Structure formats: C-alpha cells, structure tokens
Amino acid sequence: MWQYHPDLLAKPVPRYTSYPTAADFGPLEEGSIERAIAGATGDVSLYLHIPFCEQICYYCGCNTGASGKRARVESYLAALHQEIATVASLLPQGARVRRIAFGGGSPNAIEPREFMALVDALHAHFPLYAPAWSIELDPRSLTQEWSGVIGEIGITRASMGVQTFASLCQTAIGREQPASMIRRSVEWLRAGGVTSLNFDLMYGLPHQTTADLIDSLNMTRKLGADRVAVFGYAHVPHLVPRQSMIPEDALPQAEARFAMASEAHAFLTTHGYDAIGFDHFALPHDPMAQAVRHGTLRRNFQGFTDDPTEVLIGMGSSAISGFPGLLAQNDKHNGRYRTLSGQGRLSANHGIIRRPEDRLRGGVIEALLCRSGAELSPCLLAEVRGGLAPFIAAGLASLTGNRLTIAPGGLPYARGIAALFDSYRQVTQRSFSSAI
C-alpha cells in the first residue's frame with residue numbers, strides 16, 4: 001500500500017500529455033501548422049476527433065455534444081473530409097502514416113457508413129503504410145454492425161468508456177450501462193479482430209466505495225481487458241457546467257481517493273497486469289507492457305503510448321497536433337472549425353512553439369512519468385533540489401549523482417515531482433486536476 005502524504009499531493013498539477021501543456025497555449029503565427037505539416041518526414045500518426053455522443057455523461061469534460069441533430073453531424077463530417085484533403089495535400093512525399101486513432105466524444109456516435117467514408121478518405125488522400133488502427137467506443141451506442149466495420153478496416157485496438165459497474169455510481173454520473181451490455185460489446189469487438197482492448201475506469205465517483213472499485217476491477221479482469229486505465233474523477237463544475245448535476249457531498253474526499261488509487265494498483269498488479277505509470281495497466285502480452293519492458297514508453301495527447309513517432313497530426317475541432325518544434329490545437333468551436341475547414345483552411349491557430357529548453361524539460365518530464373527516472377543537467381538539478389527535498393525525505397524519490405529516480409512507492413507523486421521541472425507553472429496560475 002502507498003503511504004499518504006497529503007502535503008505532497010495538495011497542489012493540483014497537469015497530466016503532462018504534452019510539454020508545454022495546453023494550458024500554456026496562445027495565439028500562433030499564421031501558417032505555423034501548415035509549415036509544420038509540410039516539414040514532416042518519416043513516420044506520422046493521425047488522430048481524428050469525433051465530437052459527438054448519443055448521450056452526454058454528467059462527469060465528462062471532453063469537447064462533445066449530442067449527436068441527435070443530423071444536420072450538425074453531417075456538416076461537421078463534411079468539414080472533416082475537407083480537412084483530411086487539406087492536410088494530406090501539405091504532407092511531403094516520403095512521409096508514411098503508420099498509426100490512425102479515432103477519438104471523441106464517441107466515434108460510434110456517427111453511423112457506420114459515415115465512419116467507413118472517413119476511412120475511405122484517409123486511404124484516398126494519405127500515404128498509408130499498414131497503419132495500426134485504434135478507436136474509442138461508447139458501449140451504450142455500440143451495435144453488432146460495428147463488429148463488421150472494425151473487422152473490415154482492420155482495427156486491432158479499442159478503448160471502451162466503462163467507468164464503473166456500480167449501478168448507484170452509474171446513475172449519479174449519468175452513464176447507465178449494465179454488465180451484460182459491456183460483455184456483449186467485448187464479444188463483438190473480439191469477433192471484429194480487436195486484440196488490444198482497454199477499459200477506462202474511474203475512482204472518486206459519487207457514492208463510490210473501495211469495494212465498488214474492486215468489484216469493477218474484478219469484472220474488468222474477468223472480461224479480459226488487455227489494458228486498464230484507472231482515472232481519478234476531477235470535479236470542476238466551474239469549468240464543466242454539466243458536472244453540477246453530480247452531488248458534491250457524495251464525492252469521496254482526498255484520503256479516500258488516495259486509498260482507492262492504491263487499492264486499484266495493488267489489485268491489478270497482483271492479478272497479472274503490469275503497471276504503466278501509476279494509473280494505467282496492461283497484460284504482459286500487450287504492446288504497452290512491452291514498451292515498458294523495452295524502455296520505449298512515451299507520452300502524447302492520447303496519454304501513455306507505445307507510438308515512437310515524433311509527429312502526431314490532429315484533425316477535427318479541438319484536436320491537437322504535436323511536432324518536435326510545435327504544438328497546435330484546432331479551433332474548439334465547431335462552427336468556426338466548420339467554416340475554416342470548408343474554405344480549405346486549417347484552424348490550428350492556437351498553440352506554442354517548443355523552444356530547445358522546452359524539449360529538454362519535456363524529455364525529463366516524460367522520462368520520469370514513463371520510466372520513473374531521468375538524468376538531470378547540473379542547472380536543472382540546482383533549480384529543483386529544494387523542491388525535491390520533501391519527496392526524498394519521505395522516501396518517494398532518490399538522487400544518485402545527477403540521476404533522479406522515483407521509488408515504487410512514489411508513483412502517485414510522479415506528477416508532482418515532474419511539475420518541479422515545469423518552468424511555466426512558475427509564471428502561470430491555471431486550474432488543474434488533483435494529483436490523485
């Protein structure tokens with residue numbers, strides 16, 4: 001069991017799916033994203049954002065809306081098709097698309113034929129080199145037809161938003177889905193050829209107990225999930241108005257949340273899963289677990305990944321692209337995104353140029369979160385030594401020469417330790433989720 005040090009968890013910190021983080025983005029010089037795409041070489045990954053769900057959950061902070069208004073969905077997809085053509089026209093010869101991910105929202109909130117049309121467009125416009133396909137899915141809107149679609153495309157990786165199997169918690173967060181629905185979805189996905197199946201689970205939910213969480217973890221194990229992500233629910237109704245539907249007095253407090261995270265880690269690592277950081281887990285055969293063993297695990301806007309590419313191009317409203325020297329986000333407003341895309345223009349006018357120092361600090365942060373250790377330059381070590389002292393005194397981390405190592409018991413404090421190397425946090429005060 002992890003030891004609880006509330007003073008070392010008190011400060012909310014970023015999840016560091018990028019460095020600098022999206023909180024530090026600002027206006028970009030016109031043409032920045034176009035130049036970055038035109039300069040991309042070698043292997044490239046694509047991400048397509050589908051900002052629709054058939055039902056909107058109370059807890060969700062994603063950029064998504066209800067898919068019931070068909071005209072809005074169709075106009076968005078038309079804009080996405082245009083963006084696919086525009087981005088592909090900028091990509092230089094020699095670039096190779098090796099990974100394609102669909103996220104949201106819920107990609108299965110659109111019709112299977114619409115999804116197939118997007119896939120056909122990708123084949124028509126981009127240089128695809130036997131890419132690995134992945135998709136996020138909502139089991140509530142999943143049908144057997146999607147099994148055939150997944151098989152036809154060759155999607156092998158899928159992630160389902162399960163969150164919890166506890167019915168009281170499901171009702172409180174507006175996401176009711178019986179175990180039979182999840183079981184049926186698993187069967188369809190396996191029949192379609194999915195070999196790496198992830199379940200997203202949450203702790204810190206209203207009315208949730210540790211026993212509820214363990215029951216959900218046990219059900220997840222029995223259903224054969226290859227990967228498991230166990231996220232802490234972040235209650236920020238001032239930022240996500242729909243969260244006001246969740247009764248705040250029913251939420252577990254900080255120490256109970258910590259105990260849940262600790263129990264989840266202990267349960268999964270004693271039931272055949274390898275730890276990926278402190279809140280992700282994978283069976284030993286899964287590519288994510290293999291990346292940990294080989295020391296190649298990375299972080300990008302999709303979280304932990306075994307993707308080695310340096311270029312991730314995001315398409316769709318609010319999608320973020322990552323290049324060695326640039327991070328850029330598409331317009332979050334669907335209307336503006338549709339207008340710009342319809343004109344053959346890219347909407348990523350918000351982001352940040354990554355300076356050499358940013359890349360150096362980002363490398364340290366990524367190494368700490370992915371490999372629990374990093375070599376520090378003398379300047380960085382001098383800068384953070386004071387901040388590291390309480391973590392070292394508590395036995396959560398150690399310094400050997402210039403080598404900083406996070407102890408196994410220090411995993412839940414990894415984001416707090418990583419934040420010591422974040423120079424933007426010293427000048428920008430933004431709201432983030434709790435460290436655990």
# chains A, B, ... in the order shown; residues from 1 in each chain; ligands from 1
$ residues_around --residues "Asn108 (chain A)" --least-positions-apart "5" --cutoff "9 Å" --atoms "only C-alpha atoms" --output "ChimeraX atom specification"
/A:50,52-54,115,135-139,141-143,146
$ write_last_selection --atoms "N, CA and C atoms" --output "PDB file, in the first residue's frame"
ATOM      1  N   ILE A  50     -14.039  13.008 -33.204  1.00  0.00           N
ATOM      2  CA  ILE A  50     -15.473  12.973 -33.476  1.00  0.00           C
ATOM      3  C   ILE A  50     -16.185  13.517 -32.238  1.00  0.00           C
ATOM      4  N   PHE A  52     -19.030  13.963 -30.839  1.00  0.00           N
ATOM      5  CA  PHE A  52     -20.447  13.658 -30.631  1.00  0.00           C
ATOM      6  C   PHE A  52     -20.601  12.407 -29.773  1.00  0.00           C
ATOM      7  N   CYS A  53     -21.668  12.397 -28.991  1.00  0.00           N
ATOM      8  CA  CYS A  53     -22.080  11.212 -28.235  1.00  0.00           C
ATOM      9  C   CYS A  53     -23.603  11.121 -28.325  1.00  0.00           C
ATOM     10  N   GLU A  54     -24.127   9.915 -28.309  1.00  0.00           N
ATOM     11  CA  GLU A  54     -25.587   9.778 -28.302  1.00  0.00           C
ATOM     12  C   GLU A  54     -26.169  10.276 -26.983  1.00  0.00           C
ATOM     13  N   PHE A 115     -18.582   6.484 -40.871  1.00  0.00           N
ATOM     14  CA  PHE A 115     -17.241   6.148 -40.400  1.00  0.00           C
ATOM     15  C   PHE A 115     -16.426   5.523 -41.535  1.00  0.00           C
ATOM     16  N   ILE A 135      -9.566   2.917 -31.893  1.00  0.00           N
ATOM     17  CA  ILE A 135     -10.830   3.630 -31.796  1.00  0.00           C
ATOM     18  C   ILE A 135     -11.316   3.655 -30.356  1.00  0.00           C
ATOM     19  N   GLU A 136     -11.928   4.776 -29.960  1.00  0.00           N
ATOM     20  CA  GLU A 136     -12.616   4.876 -28.675  1.00  0.00           C
ATOM     21  C   GLU A 136     -14.097   4.617 -28.905  1.00  0.00           C
ATOM     22  N   LEU A 137     -14.734   3.886 -27.988  1.00  0.00           N
ATOM     23  CA  LEU A 137     -16.125   3.465 -28.192  1.00  0.00           C
ATOM     24  C   LEU A 137     -16.961   3.652 -26.936  1.00  0.00           C
ATOM     25  N   ASP A 138     -18.230   3.961 -27.166  1.00  0.00           N
ATOM     26  CA  ASP A 138     -19.226   4.023 -26.098  1.00  0.00           C
ATOM     27  C   ASP A 138     -20.081   2.763 -26.196  1.00  0.00           C
ATOM     28  N   PRO A 139     -20.024   1.879 -25.208  1.00  0.00           N
ATOM     29  CA  PRO A 139     -20.790   0.622 -25.310  1.00  0.00           C
ATOM     30  C   PRO A 139     -22.296   0.841 -25.402  1.00  0.00           C
ATOM     31  N   SER A 141     -23.891   2.852 -27.303  1.00  0.00           N
ATOM     32  CA  SER A 141     -24.322   3.066 -28.680  1.00  0.00           C
ATOM     33  C   SER A 141     -23.633   2.100 -29.643  1.00  0.00           C
ATOM     34  N   LEU A 142     -22.989   1.072 -29.104  1.00  0.00           N
ATOM     35  CA  LEU A 142     -22.319   0.088 -29.941  1.00  0.00           C
ATOM     36  C   LEU A 142     -23.327  -0.953 -30.413  1.00  0.00           C
ATOM     37  N   THR A 143     -23.273  -1.278 -31.704  1.00  0.00           N
ATOM     38  CA  THR A 143     -24.151  -2.292 -32.283  1.00  0.00           C
ATOM     39  C   THR A 143     -23.293  -3.374 -32.929  1.00  0.00           C
ATOM     40  N   TRP A 146     -21.028  -2.665 -35.922  1.00  0.00           N
ATOM     41  CA  TRP A 146     -19.679  -2.124 -35.741  1.00  0.00           C
ATOM     42  C   TRP A 146     -18.624  -3.226 -35.708  1.00  0.00           C
TER      43      TRP A 146
END
$ residues_around --residues "Ala130 (chain A)" --least-positions-apart "3" --cutoff "10 Å" --atoms "only C-alpha atoms" --output "list of chain:residue names"
A:Arg96, A:Val97, A:Arg98, A:Arg99, A:Pro127, A:Trp133, A:Gly154
$ residues_around --residues "region 320-323 of chain A" --least-positions-apart "3" --cutoff "10 Å" --atoms "only C-alpha atoms" --output "PDB file with C-alpha atoms, in the first residue's frame"
ATOM      1  CA  SER A  18       2.491  17.357 -23.622  1.00  0.00           C
ATOM      2  CA  ALA A  22      -2.298  23.014 -23.388  1.00  0.00           C
ATOM      3  CA  ILE A  33       0.654  24.464 -38.639  1.00  0.00           C
ATOM      4  CA  ALA A  36       4.992  22.078 -39.614  1.00  0.00           C
ATOM      5  CA  ILE A  37       2.988  19.591 -41.697  1.00  0.00           C
ATOM      6  CA  GLY A  39       8.194  19.766 -42.899  1.00  0.00           C
ATOM      7  CA  ALA A  40       7.121  16.394 -41.506  1.00  0.00           C
ATOM      8  CA  VAL A  44       3.488  10.079 -38.976  1.00  0.00           C
ATOM      9  CA  SER A  45       0.464   9.358 -36.777  1.00  0.00           C
ATOM     10  CA  LEU A  46      -3.047  10.741 -37.301  1.00  0.00           C
ATOM     11  CA  TYR A  47      -5.792  11.469 -34.781  1.00  0.00           C
ATOM     12  CA  LEU A  48      -9.379  12.231 -35.846  1.00  0.00           C
ATOM     13  CA  HIS A  49     -11.761  13.810 -33.350  1.00  0.00           C
ATOM     14  CA  ASN A 300       1.427  12.175 -26.144  1.00  0.00           C
ATOM     15  CA  PHE A 301      -2.027  13.742 -26.306  1.00  0.00           C
ATOM     16  CA  GLN A 302      -3.596  10.279 -26.052  1.00  0.00           C
ATOM     17  CA  THR A 309       6.686   8.761 -33.920  1.00  0.00           C
ATOM     18  CA  GLU A 310       7.542  12.407 -33.293  1.00  0.00           C
ATOM     19  CA  VAL A 311       4.689  13.752 -35.430  1.00  0.00           C
ATOM     20  CA  LEU A 312       1.015  13.451 -34.478  1.00  0.00           C
ATOM     21  CA  ILE A 313      -1.426  15.348 -36.689  1.00  0.00           C
ATOM     22  CA  GLY A 314      -4.825  16.009 -35.128  1.00  0.00           C
ATOM     23  CA  MET A 315      -7.897  16.614 -37.273  1.00  0.00           C
ATOM     24  CA  GLY A 316     -11.333  17.744 -36.166  1.00  0.00           C
ATOM     25  CA  SER A 317     -12.420  20.512 -33.813  1.00  0.00           C
ATOM     26  CA  LEU A 326       5.336  22.973 -32.370  1.00  0.00           C
ATOM     27  CA  LEU A 327       2.152  22.109 -30.500  1.00  0.00           C
ATOM     28  CA  ALA A 328      -1.030  23.349 -32.185  1.00  0.00           C
ATOM     29  CA  GLN A 329      -4.738  22.991 -31.430  1.00  0.00           C
ATOM     30  CA  ASN A 330      -7.638  23.242 -33.858  1.00  0.00           C
ATOM     31  CA  ASP A 331     -10.440  25.673 -33.062  1.00  0.00           C
ATOM     32  CA  ALA A 348      -4.979  25.385 -35.646  1.00  0.00           C
ATOM     33  CA  HIS A 350      -3.673  28.274 -31.017  1.00  0.00           C
ATOM     34  CA  GLY A 351      -0.620  26.545 -29.565  1.00  0.00           C
ATOM     35  CA  ILE A 353       6.447  26.977 -30.338  1.00  0.00           C
ATOM     36  CA  ARG A 354       8.614  24.451 -28.474  1.00  0.00           C
TER      37      ARG A 354
END
$ closest_residue --among "A:Pro241, A:Pro178, A:Gly277, A:Pro206" --to "Met219 (chain A)" --atoms "only C-alpha atoms"
A:Pro178
$ residues_around --residues "Gly193 (chain A)" --least-positions-apart "3" --cutoff "8 Å" --atoms "only C-alpha atoms" --output "VMD selection string"
chain A and resid 150 to 151 154 to 156 189 to 190
$ atom_distance --atom1 "CA of Leu368 (chain A)" --atom2 "CA of Ala418 (chain A)"
6.6 Å
$ residues_around --residues "Gly148 (chain A)" --least-positions-apart "5" --cutoff "9 Å" --atoms "only C-alpha atoms" --output "number ranges by chain"
A: 153, 188, 191-192
$ select_by_dssp --residues "region 344-419 of chain A" --states "alpha helix (DSSP H)" --output "JSON, numbers by chain"
{"A": [356, 357, 358, 359, 360, 361, 362, 363, 364, 365, 366, 367, 368, 369, 370, 371, 378, 379, 380, 381, 382, 383, 384, 385, 386, 387, 388, 389, 390, 391, 392, 393, 414, 415, 416, 417, 418]}
$ atom_distance --atom1 "CA of Ala234 (chain A)" --atom2 "CA of Tyr59 (chain A)"
8.2 Å
$ atom_distance --atom1 "CA of Phe199 (chain A)" --atom2 "CA of Ser159 (chain A)"
5.8 Å
$ residues_around --residues "Ala85 (chain A)" --least-positions-apart "5" --cutoff "12 Å" --atoms "only C-alpha atoms" --output "ChimeraX atom specification"
/A:78-80,90-91,118,120-126,315,341-346
$ residues_around --residues "region 393-396 of chain A" --least-positions-apart "6" --cutoff "12 Å" --atoms "only C-alpha atoms" --output "PyMOL selection string"
chain A and resi 2-8+372-373+385-387+404-414+416-417
$ write_last_selection --atoms "N, CA and C atoms" --output "short mmCIF file (atom, residue, chain, number, x, y, z; two decimals), in the first residue's frame"
data_model
loop_
_atom_site.label_atom_id
_atom_site.label_comp_id
_atom_site.auth_asym_id
_atom_site.auth_seq_id
_atom_site.Cartn_x
_atom_site.Cartn_y
_atom_site.Cartn_z
N TRP A 2 0.44 2.25 -0.77
CA TRP A 2 1.17 3.51 -0.80
C TRP A 2 0.95 4.29 0.49
N GLN A 3 1.92 5.11 0.84
CA GLN A 3 1.79 5.97 2.01
C GLN A 3 1.20 7.31 1.58
N TYR A 4 0.30 7.82 2.41
CA TYR A 4 -0.42 9.04 2.10
C TYR A 4 0.27 10.24 2.71
N HIS A 5 0.74 11.15 1.86
CA HIS A 5 1.38 12.40 2.28
C HIS A 5 0.56 13.54 1.69
N PRO A 6 -0.48 13.98 2.38
CA PRO A 6 -1.39 14.98 1.80
C PRO A 6 -0.71 16.27 1.39
N ASP A 7 0.34 16.68 2.13
CA ASP A 7 1.02 17.92 1.80
C ASP A 7 1.72 17.84 0.45
N LEU A 8 2.13 16.63 0.04
CA LEU A 8 2.82 16.46 -1.24
C LEU A 8 1.85 16.22 -2.39
N SER A 372 10.21 6.34 -14.66
CA SER A 372 10.45 6.58 -13.23
C SER A 372 11.86 7.05 -12.93
N GLY A 373 12.50 7.69 -13.90
CA GLY A 373 13.84 8.20 -13.64
C GLY A 373 14.34 9.04 -14.78
N ARG A 385 16.43 21.15 -6.66
CA ARG A 385 16.89 20.41 -5.48
C ARG A 385 16.04 20.72 -4.25
N GLY A 386 15.71 21.98 -4.05
CA GLY A 386 14.89 22.33 -2.89
C GLY A 386 13.51 21.73 -2.96
N GLY A 387 12.90 21.75 -4.14
CA GLY A 387 11.57 21.17 -4.31
C GLY A 387 11.55 19.67 -4.16
N LEU A 404 17.91 11.12 -11.03
CA LEU A 404 16.73 11.17 -10.18
C LEU A 404 15.88 9.94 -10.44
N THR A 405 15.51 9.22 -9.38
CA THR A 405 14.71 8.01 -9.51
C THR A 405 13.49 8.12 -8.61
N ILE A 406 12.33 7.80 -9.17
CA ILE A 406 11.10 7.75 -8.38
C ILE A 406 10.94 6.34 -7.84
N ALA A 407 10.79 6.20 -6.54
CA ALA A 407 10.66 4.88 -5.92
C ALA A 407 9.29 4.28 -6.26
N PRO A 408 9.16 2.94 -6.18
CA PRO A 408 7.85 2.33 -6.45
C PRO A 408 6.73 2.95 -5.63
N GLY A 409 7.02 3.27 -4.37
CA GLY A 409 6.01 3.90 -3.53
C GLY A 409 5.77 5.36 -3.86
N GLY A 410 6.60 5.91 -4.75
CA GLY A 410 6.44 7.31 -5.14
C GLY A 410 5.63 7.52 -6.39
N LEU A 411 5.10 6.42 -6.98
CA LEU A 411 4.35 6.54 -8.23
C LEU A 411 3.20 7.55 -8.17
N PRO A 412 2.39 7.55 -7.11
CA PRO A 412 1.28 8.52 -7.10
C PRO A 412 1.75 9.97 -6.97
N TYR A 413 3.02 10.17 -6.70
CA TYR A 413 3.57 11.52 -6.57
C TYR A 413 4.36 11.93 -7.80
N ALA A 414 4.34 11.07 -8.84
CA ALA A 414 5.19 11.31 -10.01
C ALA A 414 4.84 12.62 -10.70
N GLY A 416 3.58 15.30 -9.39
CA GLY A 416 4.06 16.40 -8.55
C GLY A 416 5.55 16.60 -8.68
N ILE A 417 6.29 15.50 -8.77
CA ILE A 417 7.74 15.59 -8.97
C ILE A 417 8.05 16.15 -10.35
#
$ closest_residue --among "A:Glu114, A:Ala282, A:Gln426, A:Glu248" --to "Val236 (chain A)" --atoms "only C-alpha atoms"
A:Glu248
$ select_by_dssp --residues "region 200-358 of chain A" --states "strand (DSSP E)" --output "PyMOL selection string"
chain A and resi 200-203+227-232+274-276+280-282+298-300+303-305+312-315+320-323+326-329+350-353
$ closest_residue --among "A:Arg298, A:Leu376, A:Lys11, A:Ala23" --to "Tyr424 (chain A)" --atoms "only C-alpha atoms"
A:Ala23
